[in-house]
Structures are given as structure tokens and as C-alpha cells.
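Engineer: Next comes the structure file input_28.pdb, holding PDB, C-alpha atoms.
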```pdb
ATOM      1  CA  MET A   1     -87.379 -21.706   3.441
ATOM      2  CA  LYS A   2     -90.928 -22.970   3.549
ATOM      3  CA  ARG A   3     -91.750 -26.183   1.727
ATOM      4  CA  GLY A   4     -92.916 -25.557  -1.838
ATOM      5  CA  VAL A   5     -91.308 -22.099  -2.061
ATOM      6  CA  ARG A   6     -89.114 -21.602  -5.121
ATOM      7  CA  LEU A   7     -86.303 -19.090  -5.447
ATOM      8  CA  TYR A   8     -85.255 -17.782  -8.870
ATOM      9  CA  PHE A   9     -81.727 -16.537  -8.243
ATOM     10  CA  VAL A  10     -80.031 -14.183 -10.710
ATOM     11  CA  ARG A  11     -76.428 -13.198 -10.160
ATOM     12  CA  HIS A  12     -75.775  -9.626 -11.273
ATOM     13  CA  GLY A  13     -74.353  -9.184 -14.764
ATOM     14  CA  GLU A  14     -70.672  -8.715 -15.472
ATOM     15  CA  THR A  15     -68.834  -5.567 -14.406
ATOM     16  CA  ASP A  16     -65.474  -4.317 -15.644
ATOM     17  CA  TRP A  17     -64.029  -5.513 -12.346
ATOM     18  CA  ASN A  18     -65.399  -9.040 -12.914
ATOM     19  CA  PHE A  19     -63.739  -8.995 -16.329
ATOM     20  CA  GLU A  20     -60.424  -7.809 -14.814
ATOM     21  CA  GLN A  21     -60.723 -10.358 -11.964
ATOM     22  CA  ARG A  22     -60.641  -7.519  -9.443
ATOM     23  CA  ILE A  23     -62.246  -8.174  -6.040
ATOM     24  CA  GLN A  24     -65.459  -6.175  -5.653
ATOM     25  CA  GLY A  25     -66.933  -7.396  -2.389
ATOM     26  CA  GLN A  26     -69.236  -4.641  -1.211
ATOM     27  CA  LEU A  27     -67.760  -1.873  -3.376
ATOM     28  CA  ASP A  28     -70.356  -0.354  -5.696
ATOM     29  CA  ILE A  29     -69.353  -1.116  -9.300
ATOM     30  CA  PRO A  30     -71.804  -0.720 -12.249
ATOM     31  CA  LEU A  31     -72.521  -3.270 -14.979
ATOM     32  CA  ASN A  32     -70.651  -3.187 -18.272
ATOM     33  CA  ASP A  33     -72.299  -3.827 -21.661
ATOM     34  CA  THR A  34     -71.780  -7.597 -21.357
ATOM     35  CA  GLY A  35     -73.454  -7.496 -17.949
ATOM     36  CA  ARG A  36     -76.451  -5.632 -19.358
ATOM     37  CA  ARG A  37     -76.841  -8.267 -22.078
ATOM     38  CA  GLN A  38     -76.609 -11.043 -19.466
ATOM     39  CA  ALA A  39     -79.311  -9.348 -17.379
ATOM     40  CA  ALA A  40     -81.583  -9.078 -20.440
ATOM     41  CA  ARG A  41     -80.981 -12.772 -21.249
ATOM     42  CA  ASN A  42     -81.922 -13.755 -17.713
ATOM     43  CA  GLY A  43     -85.039 -11.588 -17.873
ATOM     44  CA  ALA A  44     -86.085 -13.358 -21.094
ATOM     45  CA  LYS A  45     -85.518 -16.767 -19.477
ATOM     46  CA  LEU A  46     -87.645 -15.763 -16.484
ATOM     47  CA  LYS A  47     -90.384 -14.617 -18.866
ATOM     48  CA  GLU A  48     -90.415 -18.136 -20.373
ATOM     49  CA  LEU A  49     -90.454 -19.814 -16.957
ATOM     50  CA  LEU A  50     -92.978 -17.557 -15.260
ATOM     51  CA  PRO A  51     -95.766 -16.358 -17.523
ATOM     52  CA  ASP A  52     -97.768 -15.402 -14.409
ATOM     53  CA  LEU A  53     -95.919 -13.128 -11.993
ATOM     54  CA  ASP A  54     -98.853 -12.183  -9.753
ATOM     55  CA  ASP A  55     -97.619 -14.167  -6.737
ATOM     56  CA  VAL A  56     -93.874 -13.643  -7.166
ATOM     57  CA  ASP A  57     -91.881 -11.221  -4.994
ATOM     58  CA  PHE A  58     -88.870  -9.305  -6.323
ATOM     59  CA  VAL A  59     -85.916  -8.397  -4.112
ATOM     60  CA  SER A  60     -82.345  -7.298  -4.762
ATOM     61  CA  SER A  61     -79.125  -6.549  -2.983
ATOM     62  CA  PRO A  62     -78.914  -2.734  -2.702
ATOM     63  CA  LEU A  63     -75.594  -2.510  -4.598
ATOM     64  CA  VAL A  64     -75.750  -0.784  -7.984
ATOM     65  CA  ARG A  65     -74.705  -3.817 -10.049
ATOM     66  CA  THR A  66     -77.617  -5.808  -8.628
ATOM     67  CA  THR A  67     -80.247  -3.064  -8.770
ATOM     68  CA  GLU A  68     -79.279  -2.324 -12.379
ATOM     69  CA  THR A  69     -79.591  -6.037 -13.187
ATOM     70  CA  MET A  70     -82.989  -6.221 -11.462
ATOM     71  CA  GLU A  71     -84.280  -3.198 -13.371
ATOM     72  CA  ILE A  72     -83.224  -4.706 -16.692
ATOM     73  CA  VAL A  73     -84.858  -8.032 -15.753
ATOM     74  CA  ARG A  74     -88.096  -6.264 -14.785
ATOM     75  CA  THR A  75     -88.100  -4.247 -18.012
ATOM     76  CA  VAL A  76     -87.775  -7.444 -20.073
ATOM     77  CA  LEU A  77     -90.626  -8.921 -18.026
ATOM     78  CA  GLY A  78     -92.771  -5.911 -18.968
ATOM     79  CA  LEU A  79     -92.884  -4.616 -15.385
ATOM     80  CA  GLU A  80     -92.206  -1.227 -13.842
ATOM     81  CA  ARG A  81     -88.446  -0.910 -13.300
ATOM     82  CA  SER A  82     -88.697   0.206  -9.690
ATOM     83  CA  GLY A  83     -91.283  -2.279  -8.402
ATOM     84  CA  TYR A  84     -88.974  -4.326  -6.168
ATOM     85  CA  GLY A  85     -87.482  -4.264  -2.690
ATOM     86  CA  THR A  86     -83.887  -4.346  -1.500
ATOM     87  CA  ASP A  87     -82.346  -6.099   1.470
ATOM     88  CA  ALA A  88     -78.837  -5.440   2.812
ATOM     89  CA  ARG A  89     -78.557  -9.091   3.882
ATOM     90  CA  LEU A  90     -78.192  -9.903   0.161
ATOM     91  CA  LYS A  91     -74.972  -7.890  -0.273
ATOM     92  CA  GLU A  92     -71.840  -9.698  -1.419
ATOM     93  CA  VAL A  93     -69.375 -11.068   1.123
ATOM     94  CA  HIS A  94     -67.213  -8.204   2.426
ATOM     95  CA  PHE A  95     -63.611  -8.773   1.366
ATOM     96  CA  GLY A  96     -62.215  -6.136   3.712
ATOM     97  CA  ASN A  97     -58.738  -4.930   2.791
ATOM     98  CA  TRP A  98     -58.722  -7.185  -0.295
ATOM     99  CA  GLN A  99     -61.496  -5.191  -1.984
ATOM    100  CA  GLY A 100     -60.289  -3.347  -5.074
ATOM    101  CA  ARG A 101     -57.297  -5.629  -5.589
ATOM    102  CA  LEU A 102     -56.741  -8.054  -8.438
ATOM    103  CA  TRP A 103     -56.947 -11.719  -7.436
ATOM    104  CA  SER A 104     -53.491 -12.135  -8.988
ATOM    105  CA  GLU A 105     -51.920  -9.692  -6.509
ATOM    106  CA  VAL A 106     -53.426 -10.766  -3.178
ATOM    107  CA  GLN A 107     -50.797 -13.420  -2.427
ATOM    108  CA  ALA A 108     -48.043 -10.786  -2.533
ATOM    109  CA  PHE A 109     -50.196  -8.158  -0.782
ATOM    110  CA  ASP A 110     -51.288 -10.396   2.118
ATOM    111  CA  PRO A 111     -49.291 -13.670   2.179
ATOM    112  CA  ALA A 112     -50.523 -14.710   5.647
ATOM    113  CA  GLY A 113     -54.156 -14.035   4.757
ATOM    114  CA  TYR A 114     -53.772 -15.803   1.440
ATOM    115  CA  ALA A 115     -52.341 -18.897   3.154
ATOM    116  CA  ALA A 116     -55.085 -18.845   5.811
ATOM    117  CA  ARG A 117     -57.762 -18.615   3.107
ATOM    118  CA  LEU A 118     -56.323 -21.682   1.352
ATOM    119  CA  THR A 119     -56.454 -23.614   4.635
ATOM    120  CA  ASP A 120     -60.110 -22.832   5.467
ATOM    121  CA  THR A 121     -61.846 -20.686   2.840
ATOM    122  CA  PHE A 122     -65.286 -20.957   4.468
ATOM    123  CA  HIS A 123     -64.220 -19.583   7.869
ATOM    124  CA  TRP A 124     -61.386 -17.263   6.771
ATOM    125  CA  ARG A 125     -62.043 -13.568   7.272
ATOM    126  CA  PRO A 126     -59.991 -10.800   5.634
ATOM    127  CA  ARG A 127     -58.948  -7.850   7.775
ATOM    128  CA  GLY A 128     -61.977  -5.536   7.940
ATOM    129  CA  GLY A 129     -64.234  -8.049   6.166
ATOM    130  CA  GLU A 130     -66.329 -11.116   6.825
ATOM    131  CA  SER A 131     -66.172 -14.864   6.301
ATOM    132  CA  TYR A 132     -68.392 -17.075   4.158
ATOM    133  CA  ALA A 133     -69.740 -18.453   7.454
ATOM    134  CA  GLU A 134     -70.906 -14.959   8.423
ATOM    135  CA  LEU A 135     -72.310 -14.389   4.933
ATOM    136  CA  MET A 136     -74.239 -17.660   5.189
ATOM    137  CA  ALA A 137     -75.782 -16.607   8.521
ATOM    138  CA  ARG A 138     -77.159 -13.344   7.125
ATOM    139  CA  ALA A 139     -78.252 -14.810   3.765
ATOM    140  CA  VAL A 140     -80.050 -17.729   5.437
ATOM    141  CA  ALA A 141     -81.800 -15.294   7.799
ATOM    142  CA  TRP A 142     -83.133 -13.534   4.685
ATOM    143  CA  LEU A 143     -84.080 -16.857   3.063
ATOM    144  CA  GLU A 144     -86.018 -17.984   6.115
ATOM    145  CA  SER A 145     -88.084 -14.783   5.962
ATOM    146  CA  LEU A 146     -89.548 -15.731   2.545
ATOM    147  CA  SER A 147     -93.189 -16.719   2.452
ATOM    148  CA  GLY A 148     -93.574 -17.349  -1.288
ATOM    149  CA  ASP A 149     -91.774 -17.622  -4.621
ATOM    150  CA  CYS A 150     -89.208 -14.909  -5.215
ATOM    151  CA  ILE A 151     -86.984 -13.554  -7.977
ATOM    152  CA  VAL A 152     -83.820 -12.343  -6.300
ATOM    153  CA  VAL A 153     -80.826 -10.557  -7.793
ATOM    154  CA  SER A 154     -77.706 -10.848  -5.699
ATOM    155  CA  HIS A 155     -74.051 -11.882  -5.832
ATOM    156  CA  GLY A 156     -71.864 -14.919  -6.372
ATOM    157  CA  GLY A 157     -71.094 -15.407  -2.695
ATOM    158  CA  VAL A 158     -74.771 -15.281  -1.761
ATOM    159  CA  SER A 159     -75.580 -17.829  -4.476
ATOM    160  CA  ARG A 160     -72.927 -20.148  -3.072
ATOM    161  CA  VAL A 161     -74.022 -19.995   0.556
ATOM    162  CA  LEU A 162     -77.732 -20.371  -0.235
ATOM    163  CA  ARG A 163     -77.009 -23.454  -2.365
ATOM    164  CA  GLY A 164     -74.750 -24.839   0.324
ATOM    165  CA  TYR A 165     -77.449 -24.388   2.933
ATOM    166  CA  LEU A 166     -80.415 -25.688   0.889
ATOM    167  CA  LEU A 167     -78.518 -28.674  -0.504
ATOM    168  CA  GLY A 168     -76.737 -29.563   2.744
ATOM    169  CA  LEU A 169     -73.281 -29.316   1.163
ATOM    170  CA  HIS A 170     -70.068 -29.658   3.134
ATOM    171  CA  ARG A 171     -68.821 -26.199   4.081
ATOM    172  CA  GLU A 172     -65.490 -26.755   2.287
ATOM    173  CA  GLU A 173     -67.356 -27.020  -1.051
ATOM    174  CA  VAL A 174     -69.381 -23.817  -0.729
ATOM    175  CA  PRO A 175     -66.781 -21.134  -1.628
ATOM    176  CA  HIS A 176     -65.843 -23.026  -4.806
ATOM    177  CA  LEU A 177     -69.301 -23.466  -6.357
ATOM    178  CA  SER A 178     -69.814 -22.157  -9.884
ATOM    179  CA  VAL A 179     -71.606 -18.785 -10.141
ATOM    180  CA  PRO A 180     -72.362 -17.952 -13.797
ATOM    181  CA  GLN A 181     -73.771 -14.543 -14.636
ATOM    182  CA  ASP A 182     -75.701 -15.724 -17.690
ATOM    183  CA  ARG A 183     -77.980 -18.298 -16.058
ATOM    184  CA  VAL A 184     -80.940 -18.314 -13.683
ATOM    185  CA  LEU A 185     -80.630 -20.644 -10.702
ATOM    186  CA  MET A 186     -83.915 -22.222  -9.601
ATOM    187  CA  LEU A 187     -83.598 -23.278  -5.964
ATOM    188  CA  GLU A 188     -85.859 -25.065  -3.543
ATOM    189  CA  ALA A 189     -85.179 -27.214  -0.522
ATOM    190  CA  GLY A 190     -82.965 -30.122  -1.591
ATOM    191  CA  ARG A 191     -82.707 -29.332  -5.320
ATOM    192  CA  PHE A 192     -81.513 -26.790  -7.842
ATOM    193  CA  GLU A 193     -81.436 -26.317 -11.601
ATOM    194  CA  TRP A 194     -79.625 -23.879 -13.898
ATOM    195  CA  VAL A 195     -81.715 -22.461 -16.747
TER     196      VAL A 195
END
```
How would this structure read if it were set down as C-alpha cells?

Structural biologist:
Amino acid sequence: MKRGVRLYFVRHGETDWNFEQRIQGQLDIPLNDTGRRQAARNGAKLKELLPDLDDVDFVSSPLVRTTETMEIVRTVLGLERSGYGTDARLKEVHFGNWQGRLWSEVQAFDPAGYAARLTDTFHWRPRGGESYAELMARAVAWLESLSGDCIVVSHGGVSRVLRGYLLGLHREEVPHLSVPQDRVLMLEAGRFEWV
């Protein structure tokens, strides 16, 4: 990311699957009412932070929970709902054959995969899915394409790998970083702040 560029990262609002602790990955799950309220809160916070949006780009993951969040944010900002781009590189990490399962059942469903994930969460890849290392490669490729400040709506995994990259964190830390849905993450090279 170019020096002086600031990223305003919004994780999509809550879905019923988030509430149930069911693994979404790249499955297309809509927001619930809590998620819509979180998106509106984040839009209001962005309105406080950025009274002038003339030089700010807007981009979202193409999944429905992120595009719905982006459209709520833009509405709160007083902008046309559809005035943003999407980029597939911002999709959540693909959890392969774990997608759709509750976190509480994966140890019984895939004991070998569960054990391997505990050993090296950053490089572990579920059957049919991708690792955090692979997610980081595609998310950083997107990040490096930015030429100016950007409001992005994406997913918890993408938030983690972008922070890990920009802050130079040890790879073992990245998959365990906090990813609240009711805060905006301001990121630039070497620093971040939750608002």
C-alpha cells in the first residue's frame, strides 16, 4: 500500500450463521437485523470521520453479506447505494468441506484436519478450501493495487491477514486477531486504530 494511503475497513454485519457460530467461508449468507444495525453504526462512524468523501474509493467483497453492509453504509453516508465496486480477492477464506458446519462439530467431523489446524492455523488448508497464507496472498495483491484512501467492506479473515501484513505480525498471530463487526478499522502502513 502506498505511503499515506488509509484504509477504512468494515467487517460485514452479523448473520444468523455468525450468531450460531456456523462456518460461512464463501457461502452466501445474508445479514440479520443485528448485522443491519451494526452496518448502520459503522456508516455513522464513517460519516463522523470523513466529512469529505470526494477522494475516497468504495469497494466490497461480492458476497451478499458484504454488499448489503456496503449499501447500508453508503445510505447512511447519504450516497447512492450502488456506487461502489466489488473485487473477488476480498472474499472470505474458503473453508472447503467445513463450510456450513458449526465450529463445535468440526473436531468430530474431521479430527485429522482439526488437529492439523491447531498445529499450524496459518498454513492449514481444509479439503476443498484454502489456507490463511493463500488468503493473505490474494488480499495483499488487492491492497497493493490501491492508489488512494478506500472504504472497504469485507470479512474477518481478510481483516486479519491485512493487519498481519501491514503491521508485520508473526504469522501464528494472524488467524487469532479480533474481528468485531461493530467497529471500523483504520489501517495504514505500520499502524491501526479501531473506531

Engineer: Can you pull out every residue within 12 Å of stretch 34-37 of chain A, counting all atoms listed in the file, but drop anything in the same chain fewer than 3 positions away, and send it as a PDB file with C-alpha atoms, keeping the file's coordinate frame?

Structural biologist:
```
ATOM      1  CA  VAL A  10     -80.031 -14.183 -10.710  1.00  0.00           C
ATOM      2  CA  ARG A  11     -76.428 -13.198 -10.160  1.00  0.00           C
ATOM      3  CA  HIS A  12     -75.775  -9.626 -11.273  1.00  0.00           C
ATOM      4  CA  GLY A  13     -74.353  -9.184 -14.764  1.00  0.00           C
ATOM      5  CA  GLU A  14     -70.672  -8.715 -15.472  1.00  0.00           C
ATOM      6  CA  THR A  15     -68.834  -5.567 -14.406  1.00  0.00           C
ATOM      7  CA  ASP A  16     -65.474  -4.317 -15.644  1.00  0.00           C
ATOM      8  CA  TRP A  17     -64.029  -5.513 -12.346  1.00  0.00           C
ATOM      9  CA  ASN A  18     -65.399  -9.040 -12.914  1.00  0.00           C
ATOM     10  CA  PHE A  19     -63.739  -8.995 -16.329  1.00  0.00           C
ATOM     11  CA  ILE A  29     -69.353  -1.116  -9.300  1.00  0.00           C
ATOM     12  CA  PRO A  30     -71.804  -0.720 -12.249  1.00  0.00           C
ATOM     13  CA  LEU A  31     -72.521  -3.270 -14.979  1.00  0.00           C
ATOM     14  CA  ALA A  40     -81.583  -9.078 -20.440  1.00  0.00           C
ATOM     15  CA  ARG A  41     -80.981 -12.772 -21.249  1.00  0.00           C
ATOM     16  CA  ASN A  42     -81.922 -13.755 -17.713  1.00  0.00           C
ATOM     17  CA  GLY A  43     -85.039 -11.588 -17.873  1.00  0.00           C
ATOM     18  CA  ALA A  44     -86.085 -13.358 -21.094  1.00  0.00           C
ATOM     19  CA  ARG A  65     -74.705  -3.817 -10.049  1.00  0.00           C
ATOM     20  CA  THR A  66     -77.617  -5.808  -8.628  1.00  0.00           C
ATOM     21  CA  THR A  67     -80.247  -3.064  -8.770  1.00  0.00           C
ATOM     22  CA  GLU A  68     -79.279  -2.324 -12.379  1.00  0.00           C
ATOM     23  CA  THR A  69     -79.591  -6.037 -13.187  1.00  0.00           C
ATOM     24  CA  MET A  70     -82.989  -6.221 -11.462  1.00  0.00           C
ATOM     25  CA  GLU A  71     -84.280  -3.198 -13.371  1.00  0.00           C
ATOM     26  CA  ILE A  72     -83.224  -4.706 -16.692  1.00  0.00           C
ATOM     27  CA  VAL A  73     -84.858  -8.032 -15.753  1.00  0.00           C
ATOM     28  CA  THR A  75     -88.100  -4.247 -18.012  1.00  0.00           C
ATOM     29  CA  VAL A  76     -87.775  -7.444 -20.073  1.00  0.00           C
ATOM     30  CA  PRO A 180     -72.362 -17.952 -13.797  1.00  0.00           C
ATOM     31  CA  GLN A 181     -73.771 -14.543 -14.636  1.00  0.00           C
ATOM     32  CA  ASP A 182     -75.701 -15.724 -17.690  1.00  0.00           C
ATOM     33  CA  ARG A 183     -77.980 -18.298 -16.058  1.00  0.00           C
TER      34      ARG A 183
END
```

Engineer: Report, in Å with one decimal, the straight-line distance from atom CA of A:Val179 to atom CA of A:Val158.

Structural biologist: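 Going from atom CA of A:Val179 over to atom CA of A:Val158, I get 9.6 Å.
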
Engineer: I'd like the neighbourhood of A:Ser154 as a short mmCIF file (atom, residue, chain, number, x, y, z; two decimals) with C-alpha atoms, in the frame of the given file, where a residue qualifies if any of its atoms comes within 12 Å (using all atoms listed in the file), though same-chain residues fewer than 5 positions away should be ignored.

Structural biologist:
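What ended up in selection.cif:
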```
data_model
loop_
_atom_site.label_atom_id
_atom_site.label_comp_id
_atom_site.auth_asym_id
_atom_site.auth_seq_id
_atom_site.Cartn_x
_atom_site.Cartn_y
_atom_site.Cartn_z
CA LEU A 7 -86.30 -19.09 -5.45
CA TYR A 8 -85.26 -17.78 -8.87
CA PHE A 9 -81.73 -16.54 -8.24
CA VAL A 10 -80.03 -14.18 -10.71
CA ARG A 11 -76.43 -13.20 -10.16
CA HIS A 12 -75.78 -9.63 -11.27
CA GLY A 13 -74.35 -9.18 -14.76
CA GLY A 25 -66.93 -7.40 -2.39
CA GLN A 26 -69.24 -4.64 -1.21
CA ALA A 39 -79.31 -9.35 -17.38
CA PHE A 58 -88.87 -9.30 -6.32
CA VAL A 59 -85.92 -8.40 -4.11
CA SER A 60 -82.34 -7.30 -4.76
CA SER A 61 -79.12 -6.55 -2.98
CA PRO A 62 -78.91 -2.73 -2.70
CA LEU A 63 -75.59 -2.51 -4.60
CA VAL A 64 -75.75 -0.78 -7.98
CA ARG A 65 -74.70 -3.82 -10.05
CA THR A 66 -77.62 -5.81 -8.63
CA THR A 67 -80.25 -3.06 -8.77
CA GLU A 68 -79.28 -2.32 -12.38
CA THR A 69 -79.59 -6.04 -13.19
CA MET A 70 -82.99 -6.22 -11.46
CA THR A 86 -83.89 -4.35 -1.50
CA ASP A 87 -82.35 -6.10 1.47
CA ALA A 88 -78.84 -5.44 2.81
CA ARG A 89 -78.56 -9.09 3.88
CA LEU A 90 -78.19 -9.90 0.16
CA LYS A 91 -74.97 -7.89 -0.27
CA GLU A 92 -71.84 -9.70 -1.42
CA VAL A 93 -69.38 -11.07 1.12
CA ALA A 139 -78.25 -14.81 3.76
CA SER A 159 -75.58 -17.83 -4.48
CA ARG A 160 -72.93 -20.15 -3.07
CA VAL A 161 -74.02 -20.00 0.56
CA LEU A 162 -77.73 -20.37 -0.24
CA VAL A 179 -71.61 -18.78 -10.14
CA GLN A 181 -73.77 -14.54 -14.64
CA VAL A 184 -80.94 -18.31 -13.68
CA LEU A 185 -80.63 -20.64 -10.70
#
```

Engineer: Do you have the atom CA of A:Trp124-atom CA of A:Ile151 distance handy?

Structural biologist: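 Interatomic distance, atom CA of A:Trp124 to atom CA of A:Ile151: 29.8 Å.
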
Engineer: Check the smallest atom-to-atom distance from each of A:Val195, A:Val140, A:Ile23, A:Leu146 to A:Glu105 using all atoms listed in the file, then report the winner.

Structural biologist: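 When distances to A:Glu105 are compared using all atoms listed in the file, the smallest one comes from A:Ile23.
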
Engineer: Would you work out the distance separating atom CA of A:Gly157 from atom CA of A:Leu135, expressed in Å to one decimal?

Structural biologist: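 For atom CA of A:Gly157 relative to atom CA of A:Leu135, the distance reads 7.8 Å.
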
Engineer: I'd like the contact shell of A:Leu102 - 7 Å cut-off, all atoms listed in the file, skipping same-chain residues fewer than 4 positions apart - returned as a list in words.

Structural biologist: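 Once the adjacent positions are removed, what remains is Gln21, Arg22, Ile23 and Val106 of chain A.
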
Engineer: Convert the output of the PyMOL selection byres ((chain A and resi 110-121) around 10) on the shown file into explicit residues, formatted as number ranges by chain.

Structural biologist: A: 97-98, 105-109, 122-127, 131-133, 171-176

Engineer: Point out the residue among A:Ser145, A:Asp52, A:Gln99, A:Tyr84 with the least atom-to-atom distance to A:Gly129, counting all atoms listed in the file.

Structural biologist: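 Smallest distance to A:Gly129 is found for A:Gln99.
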
Engineer: How big is the axis-aligned box around all listed atoms of stretch 9-24 of chain A once 5 Å goes on each side, and where's its centre, in Å to one decimal, as AutoDock Vina command-line options?

Structural biologist:
```
--center_x -71.1 --center_y -10.4 --center_z -11.0 --size_x 31.3 --size_y 22.2 --size_z 20.7
```

Engineer: Show me, as a PyMOL selection string, the residues that have an atom within 10 Å of A:Glu188 when counting only C-alpha atoms, minus same-chain residues fewer than 5 positions from it.

Structural biologist: chain A and resi 1-8+149+162-163+166-167+193

Engineer: On this structure, the PyMOL selection byres ((chain A and resi 56) around 6) would catch which residues? List them as an mmCIF file with C-alpha atoms, in the frame of the given file, sorted by chain and number.

Structural biologist:
```cif
data_model
loop_
_atom_site.group_PDB
_atom_site.id
_atom_site.type_symbol
_atom_site.label_atom_id
_atom_site.label_comp_id
_atom_site.auth_asym_id
_atom_site.auth_seq_id
_atom_site.Cartn_x
_atom_site.Cartn_y
_atom_site.Cartn_z
ATOM 1 C CA LEU A 53 -95.919 -13.128 -11.993
ATOM 2 C CA ASP A 54 -98.853 -12.183 -9.753
ATOM 3 C CA ASP A 55 -97.619 -14.167 -6.737
ATOM 4 C CA ASP A 57 -91.881 -11.221 -4.994
ATOM 5 C CA ASP A 149 -91.774 -17.622 -4.621
ATOM 6 C CA CYS A 150 -89.208 -14.909 -5.215
#
```
